[in-house]
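Report on the following structure.
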There are 2 protein chains.
Amino acid sequence: MPRGDAAGSQTTKATLGLRELVFAGELAPDERVPEIGLAERLGVSRTPLRLALATLAHEGLLRSLPGGGFVVCSFSLDDVADAIELRGVLEGTAARFAAERVESESELADLVAVTEQLDAVVGKRAPVLERFVELNDEYHRALVGLAKSDAVGRAIANVVALPFASPGALLASQAALAREQEVLVVAQHQHRAMLEAVRAGHGARAEEIAREHARLAMLNLELVLRSENALERLPGAPLVRHAV
Amino acid sequence: MPRGDAAGSQTTKATLGLRELVFAGELAPDERVPEIGLAERLGVSRTPLRLALATLAHEGLLRSLPGGGFVVCSFSLDDVADAIELRGVLEGTAARFAAERVESESELADLVAVTEQLDAVVGKRAPVLERFVELNDEYHRALVGLAKSDAVGRAIANVVALPFASPGALLASQAALAREQEVLVVAQHQHRAMLEAVRAGHGARAEEIAREHARLAMLNLELVLRSENALERLPGAPLVRHAV
DNA sequence: CGGCGGCGAACTGCATGCAATAGAGTTGCT
DNA sequence: AGCAACTCTATTGCATGCAGTTCGCCGCCG
């Protein structure tokens with residue numbers, strides 16, 4: 001089926017597999033990625049693997065060495081914080097664009113539906129975190145879609161490629177934390193507030209809420225840092241340089 | 001010298017050449033890019049060319065077709081406006097980060113030097129636009145550097161990959177316009193203001209100035225749209241879908 | 001005993017051959 | 001005549017072979 005990099009292509013297989021390997025930490029950060037062994041490990045040839053390596057490099061997960069080859073990037077806690085803040089900025093822009101561009105209530109249908117589902121989940125006595133993360137991602141996707149901007153969409157996609165920067169990343173890692181429910185309530189409050197701001201065409205407010213919403217992830221990061229076992233649940237944790 | 005994608009590598013050659021071809025409009029937008037003829041046209045083999053195609057696709061200049069192969073992206077005027085606005089948002093973040101993170105005056109040395117050189121150019125009776133664009137680019141690079149954030153730097157690099165979104169793009173295209181000098185004066189005023197805001201640690205102000213500074217490019221875009229011959233000087237003009 | 005130079009091996013980057021597919025053109029059937 | 005199916009070709013995606021280079025190691029010299 002050598003036409004199209006559709007789902008079944010070798011390149012896709014290599015990219016997904018490689019990303020998984022990196023996230024799982026099976027390839028040590030700051031260490032040369034062996035091109036040969038990796039090819040057979042992923043069950044693909046070197047050519048599509050090389051394409052996958054280039055892709056991950058563009059996503060910022062790998063770095064190409066001057067001498068050739070690639071290394072897995074490692075990230076300091078400051079890097080993680082920056083990525084989260086940047087996501088906030090970009091989602092803020094998306095929210096502002098949405099507020100400025102949405103013309104009819106019908107366009108908001110998806111976002112409204114997701115928000116109501118989130119309400120239901122949070123309203124439960126024991127919210128299912130998994131379900132919340134899922135809906136949360138959906139909410140963010142819908143919001144970005146309303147911005148109607150390829151440029152913004154691509155920029156966000158690039159940032160979210162860093163696993164720990166994705167919307168639900170730090171939620172998933174704090175399952176065992178005490179303030180979990182509290183965070184959920186606040187997050188959902190912001191979801192509703194953003195929806196209202198967008199609906200009312202209040203771009204500046206929507207933007208600020210989105211930024212603050214992302215900073216919730218930074219709060220989570222701080223909470224997670226205080227409990228060692230939670231840190232391990234952080235997606236892409238092996239890439240983060242623990243403070244020594 | 002088959003090690004390292006250093007300056008002389010075939011992949012680099014292919015990437016630069018391909019980008020040039022796309023910017024020049026030699027490859028018609030929305031048309032399939034022929035992989036075979038292109039290889040010999042660029043003087044490289046198909047393998048590095050394919051890597052270059054993937055790179056440009058990541059930069060948003062090409063789009064991979066479901067059936068395989070690539071097409072050159074075309075951009076509506078709204079897309080151009082979005083890209084410029086997004087650059088403003090990102091440079092705003094860079095400026096804010098710079099204001100929040102710069103600790104000593106010595107870090108500002110480069111930015112100060114460039115600003116003074118720009119002052120000199122603008123102060124001339126007949127400013128040399130070329131020189132201004134050059135220094136302008138340098139100013140923006142220096143500012144982004146002060147943000148000390150890889151994530152922000154990479155995001156900006158991605159947006160600027162669209163030629164018409166780069167800082168000096170719309171300046172270069174309006175060489176023949178009447179209000180040229182006026183724009184230069186305003187731009188340089190904003191450069192100085194940003195520098196002051198960063199120096200004073202006024203993040204919010206620095207951010208807002210940077211956004212407004214980018215919107216100067218949008219003003220230029222509107223000016224350029226009114227004079228047909230100027231539009232042709234816009235970098236990457238062939239990619240822009242002229243309003244029919 | 002430490003530093004330097006040469007040698008070897010392994011790995012990367014590139015070129016090309018092959019196979020499979022999608023699209024177009026054509027032909028036959030209704 | 002129109003539609004559909006079939007064939008054929010051009011083109012892409014993939015695999016592998018080859019060449020060049022860089023890094024590590026060992027021996028040699030200071």
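FYI, nothing fancy with the structure tokens labels: chains A, B, ... in order, residues from 1 per chain, ligands from 1 as they appear.
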
Show me, as a compact mmCIF listing (two decimals) with C-alpha atoms, in the first residue's frame, the residues of chain A whose atoms get within 9 Å of chain B, using only C-alpha atoms for the distance check.
```
# COMPACT_ATOMS: atom_id res chain seq x y z
CA PRO A 2 2.83 2.37 -0.72
CA ARG A 3 0.69 5.36 -1.47
CA GLY A 4 -0.17 7.87 1.14
CA ASP A 5 1.10 8.17 4.65
CA ALA A 6 -2.26 7.01 5.81
CA THR A 47 14.11 5.17 5.68
CA ARG A 50 14.59 8.53 9.59
CA LEU A 51 11.47 10.41 8.58
CA ALA A 54 12.90 14.25 11.65
CA THR A 55 9.27 14.62 12.69
CA HIS A 58 10.49 19.21 14.58
CA GLU A 59 8.21 18.60 17.50
CA GLY A 60 11.07 19.38 19.82
CA SER A 64 19.77 16.62 15.82
CA LEU A 65 23.42 16.47 16.65
CA PRO A 66 25.96 18.48 14.69
CA GLY A 67 27.86 15.29 14.02
CA GLY A 68 24.76 13.54 12.78
CA GLY A 69 22.19 11.47 14.53
CA ASP A 78 11.59 25.63 33.88
CA ASP A 79 11.16 24.23 30.40
CA ASP A 82 7.50 27.59 29.92
CA ALA A 83 5.69 25.12 27.75
CA LEU A 86 3.08 29.14 26.26
CA VAL A 89 -0.84 32.13 25.72
CA LEU A 90 -1.78 30.26 22.58
CA THR A 93 -5.30 33.66 21.56
CA SER A 149 -7.13 29.82 12.42
CA ASP A 150 -4.79 27.25 10.96
CA ALA A 151 -1.79 29.16 12.22
CA VAL A 152 -2.98 29.13 15.82
CA ARG A 154 -0.69 24.44 14.29
CA ALA A 155 1.15 26.42 16.92
CA ILE A 156 -0.87 24.79 19.66
CA ASN A 158 3.33 21.94 18.25
CA VAL A 159 3.37 22.86 21.91
```

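Distance criterion 8 Å to chain B, applied with only C-alpha atoms (C1' of nucleotides), yields DT12, DG13, DC14, DA15 and DA22 of chain C on chain C.
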
From a backbone DSSP assignment, name each residue in stretch 36-126 of chain B labelled alpha helix (DSSP H), as a ChimeraX atom specification. /B:36-42,46-59,77-101,109-123

Residues of the last selection are to be written out with C-alpha atoms, as a compact mmCIF listing (two decimals), in the first residue's frame.
```txt
# COMPACT_ATOMS: atom_id res chain seq x y z
CA ILE B 36 11.06 13.16 -9.54
CA GLY B 37 11.63 16.21 -11.66
CA LEU B 38 12.26 18.25 -8.58
CA ALA B 39 15.11 16.01 -7.49
CA GLU B 40 17.16 16.62 -10.57
CA ARG B 41 16.14 20.26 -10.67
CA LEU B 42 17.66 20.70 -7.23
CA ARG B 46 15.00 11.70 -3.91
CA THR B 47 15.84 10.67 -0.36
CA PRO B 48 17.09 14.04 0.92
CA LEU B 49 14.42 15.74 -1.15
CA ARG B 50 11.79 13.74 0.64
CA LEU B 51 13.24 14.86 3.93
CA ALA B 52 13.08 18.45 2.75
CA LEU B 53 9.45 17.98 1.74
CA ALA B 54 8.65 16.72 5.20
CA THR B 55 10.41 19.72 6.73
CA LEU B 56 8.47 22.22 4.66
CA ALA B 57 5.30 20.36 5.48
CA HIS B 58 6.05 20.78 9.16
CA GLU B 59 6.64 24.45 8.58
CA LEU B 77 -5.41 37.25 3.17
CA ASP B 78 -7.06 36.22 6.42
CA ASP B 79 -4.39 33.57 6.82
CA VAL B 80 -1.71 36.18 6.36
CA ALA B 81 -3.38 38.44 8.89
CA ASP B 82 -3.66 35.55 11.34
CA ALA B 83 -0.01 34.68 10.97
CA ILE B 84 1.00 38.27 11.63
CA GLU B 85 -1.28 38.55 14.63
CA LEU B 86 0.08 35.28 15.95
CA ARG B 87 3.60 36.51 15.56
CA GLY B 88 2.60 39.54 17.57
CA VAL B 89 1.22 37.34 20.32
CA LEU B 90 4.34 35.23 20.44
CA GLU B 91 6.75 38.13 20.31
CA GLY B 92 4.63 39.73 22.97
CA THR B 93 5.21 36.70 25.13
CA ALA B 94 8.90 36.83 24.34
CA ALA B 95 8.98 40.50 25.34
CA ARG B 96 7.12 39.76 28.55
CA PHE B 97 9.45 36.91 29.40
CA ALA B 98 12.40 39.15 28.67
CA ALA B 99 11.03 41.82 30.99
CA GLU B 100 10.45 39.24 33.69
CA ARG B 101 13.78 37.49 33.33
CA ALA B 109 23.84 45.12 25.47
CA ASP B 110 23.02 43.56 22.12
CA LEU B 111 19.50 44.92 22.01
CA VAL B 112 20.70 48.38 22.97
CA ALA B 113 23.36 48.32 20.27
CA VAL B 114 20.90 47.32 17.58
CA THR B 115 18.41 49.92 18.74
CA GLU B 116 21.01 52.63 18.47
CA GLN B 117 21.99 51.52 15.01
CA LEU B 118 18.34 51.62 14.03
CA ASP B 119 18.08 55.10 15.47
CA ALA B 120 20.92 56.15 13.24
CA VAL B 121 19.33 54.66 10.14
CA VAL B 122 15.93 56.19 10.76
CA GLY B 123 17.51 59.54 11.59
```

Tell me which protein, DNA and RNA residues are within 10 Å of D:DC8, counting only C-alpha atoms (C1' of nucleotides), leaving out same-chain ones fewer than 4 positions away, and put them as number ranges by chain. C: 24-26

Could you save the residues just selected, with C-alpha atoms (C1' of nucleotides), as a PDB file, in the first residue's frame?
```pdb
ATOM      1  C1'  DA C  24      -6.564   8.504 -16.135  1.00  0.00           C
ATOM      2  C1'  DG C  25      -7.700   6.823 -20.420  1.00  0.00           C
ATOM      3  C1'  DT C  26     -10.030   3.521 -23.002  1.00  0.00           C
TER       4       DT C  26
END
```

Please extract the residues of stretch 7-240 of chain A with a backbone DSSP assignment of strand (DSSP E) and present them as an NGL selection string. :A and (62-64 or 70-72)

Just-selected residues, N, CA and C atoms written as a CSV table (one decimal), in the first residue's frame:
```csv
chain,number,residue,atom,x,y,z
A,62,LEU,N,13.2,15.5,19.9
A,62,LEU,CA,14.6,15.1,19.6
A,62,LEU,C,15.4,16.4,19.2
A,63,ARG,N,16.7,16.2,19.2
A,63,ARG,CA,17.5,17.3,18.8
A,63,ARG,C,18.6,16.6,17.9
A,64,SER,N,18.8,17.2,16.7
A,64,SER,CA,19.8,16.6,15.8
A,64,SER,C,21.2,17.1,16.2
A,70,PHE,N,20.7,11.8,16.3
A,70,PHE,CA,19.7,12.5,17.2
A,70,PHE,C,19.9,12.1,18.6
A,71,VAL,N,19.5,13.0,19.5
A,71,VAL,CA,19.4,12.7,20.9
A,71,VAL,C,18.0,13.0,21.4
A,72,VAL,N,17.6,12.3,22.5
A,72,VAL,CA,16.3,12.7,23.1
A,72,VAL,C,16.5,13.9,23.9
```

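Residues with any atom within 12 Å of D:DC29, counting only C-alpha atoms (C1' of nucleotides) and excluding same-chain neighbours fewer than 2 positions away, are C:DC1, C:DG2, C:DG3, C:DC4, C:DG5, D:DG27.
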
Write to file, as an mmCIF file, in the first residue's frame, the residues of the selection just made, with C-alpha atoms (C1' of nucleotides).
```cif
data_model
loop_
_atom_site.group_PDB
_atom_site.id
_atom_site.type_symbol
_atom_site.label_atom_id
_atom_site.label_comp_id
_atom_site.auth_asym_id
_atom_site.auth_seq_id
_atom_site.Cartn_x
_atom_site.Cartn_y
_atom_site.Cartn_z
ATOM 1 C "C1'" DC C 1 52.340 7.758 33.920
ATOM 2 C "C1'" DG C 2 49.884 10.912 30.872
ATOM 3 C "C1'" DG C 3 49.088 12.831 26.380
ATOM 4 C "C1'" DC C 4 49.031 12.306 21.413
ATOM 5 C "C1'" DG C 5 48.629 10.213 16.998
ATOM 6 C "C1'" DG D 27 50.117 1.782 20.938
#
```

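A straight line drawn from atom CA of B:Pro238 to atom CA of B:Ala169 is 13.9 Å long.
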
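Interface residues of chain D facing chain A, defined by any atom at most 8 Å away and using only C-alpha atoms (C1' of nucleotides), are D:DT12, D:DG13, D:DC14, D:DA15, D:DT22.
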
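In this model, the gap between atom CA of A:Val102 and atom CA of A:Ala217 comes to 27.0 Å.
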
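Taking atom CA of A:Leu16 as the reference point, atom CA of A:Ala165 is found at 18.0 Å.
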
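Using only C-alpha atoms, the nearest neighbour of B:Ala210 within the list B:Arg226, B:His140, B:Arg179, B:Lys124 is B:His140.
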
Item checked: Nearby residues (only C-alpha atoms (C1' of nucleotides)) at most 12 Å from D:DC25, same-chain spacing under 2 positions excluded, as a ChimeraX atom specification -> /C:5-9 /D:23,27

Export of prior selection with N, CA and C atoms (P, O5', C5', C4', C3', O3' and C1' of nucleotides) as a PDB file, in the first residue's frame:
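Output below, filename again.pdb:
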```
ATOM      1  P    DG C   5      49.292  15.023  17.985  1.00  0.00           P
ATOM      2  O5'  DG C   5      49.477  13.824  16.949  1.00  0.00           O
ATOM      3  C5'  DG C   5      50.687  13.058  16.968  1.00  0.00           C
ATOM      4  C4'  DG C   5      50.416  11.646  16.499  1.00  0.00           C
ATOM      5  C3'  DG C   5      49.500  11.560  15.268  1.00  0.00           C
ATOM      6  O3'  DG C   5      50.044  10.619  14.349  1.00  0.00           O
ATOM      7  C1'  DG C   5      48.629  10.213  16.998  1.00  0.00           C
ATOM      8  P    DG C   6      49.586  10.764  12.788  1.00  0.00           P
ATOM      9  O5'  DG C   6      49.182   9.252  12.448  1.00  0.00           O
ATOM     10  C5'  DG C   6      50.057   8.195  12.842  1.00  0.00           C
ATOM     11  C4'  DG C   6      49.255   6.937  13.121  1.00  0.00           C
ATOM     12  C3'  DG C   6      48.296   6.535  11.998  1.00  0.00           C
ATOM     13  O3'  DG C   6      48.446   5.151  11.734  1.00  0.00           O
ATOM     14  C1'  DG C   6      47.126   6.623  14.037  1.00  0.00           C
ATOM     15  P    DC C   7      47.924   4.568  10.294  1.00  0.00           P
ATOM     16  O5'  DC C   7      46.935   3.422  10.772  1.00  0.00           O
ATOM     17  C5'  DC C   7      47.324   2.545  11.849  1.00  0.00           C
ATOM     18  C4'  DC C   7      46.083   1.948  12.492  1.00  0.00           C
ATOM     19  C3'  DC C   7      45.045   1.434  11.486  1.00  0.00           C
ATOM     20  O3'  DC C   7      44.685   0.106  11.815  1.00  0.00           O
ATOM     21  C1'  DC C   7      44.017   2.821  13.098  1.00  0.00           C
ATOM     22  P    DG C   8      43.971  -0.810  10.671  1.00  0.00           P
ATOM     23  O5'  DG C   8      42.577  -1.140  11.368  1.00  0.00           O
ATOM     24  C5'  DG C   8      42.557  -1.591  12.731  1.00  0.00           C
ATOM     25  C4'  DG C   8      41.175  -1.357  13.332  1.00  0.00           C
ATOM     26  C3'  DG C   8      40.013  -1.828  12.442  1.00  0.00           C
ATOM     27  O3'  DG C   8      39.115  -2.588  13.221  1.00  0.00           O
ATOM     28  C1'  DG C   8      39.677   0.424  13.087  1.00  0.00           C
ATOM     29  P    DA C   9      38.230  -3.708  12.486  1.00  0.00           P
ATOM     30  O5'  DA C   9      36.840  -3.446  13.225  1.00  0.00           O
ATOM     31  C5'  DA C   9      36.841  -2.865  14.534  1.00  0.00           C
ATOM     32  C4'  DA C   9      35.655  -1.920  14.688  1.00  0.00           C
ATOM     33  C3'  DA C   9      34.389  -2.350  13.949  1.00  0.00           C
ATOM     34  O3'  DA C   9      33.271  -2.149  14.793  1.00  0.00           O
ATOM     35  C1'  DA C   9      34.915  -0.150  13.359  1.00  0.00           C
TER      36       DA C   9
ATOM     37  P    DC D  23      32.742  12.951  16.771  1.00  0.00           P
ATOM     38  O5'  DC D  23      32.742  11.760  17.839  1.00  0.00           O
ATOM     39  C5'  DC D  23      31.766  10.723  17.717  1.00  0.00           C
ATOM     40  C4'  DC D  23      32.368   9.385  18.102  1.00  0.00           C
ATOM     41  C3'  DC D  23      33.247   9.412  19.352  1.00  0.00           C
ATOM     42  O3'  DC D  23      32.850   8.391  20.242  1.00  0.00           O
ATOM     43  C1'  DC D  23      34.388   8.355  17.579  1.00  0.00           C
ATOM     44  P    DG D  27      47.859  -2.535  22.021  1.00  0.00           P
ATOM     45  O5'  DG D  27      49.097  -1.722  21.441  1.00  0.00           O
ATOM     46  C5'  DG D  27      49.191  -1.508  20.039  1.00  0.00           C
ATOM     47  C4'  DG D  27      49.976  -0.236  19.759  1.00  0.00           C
ATOM     48  C3'  DG D  27      51.358  -0.171  20.432  1.00  0.00           C
ATOM     49  O3'  DG D  27      52.322   0.257  19.486  1.00  0.00           O
ATOM     50  C1'  DG D  27      50.117   1.782  20.938  1.00  0.00           C
TER      51       DG D  27
END
```
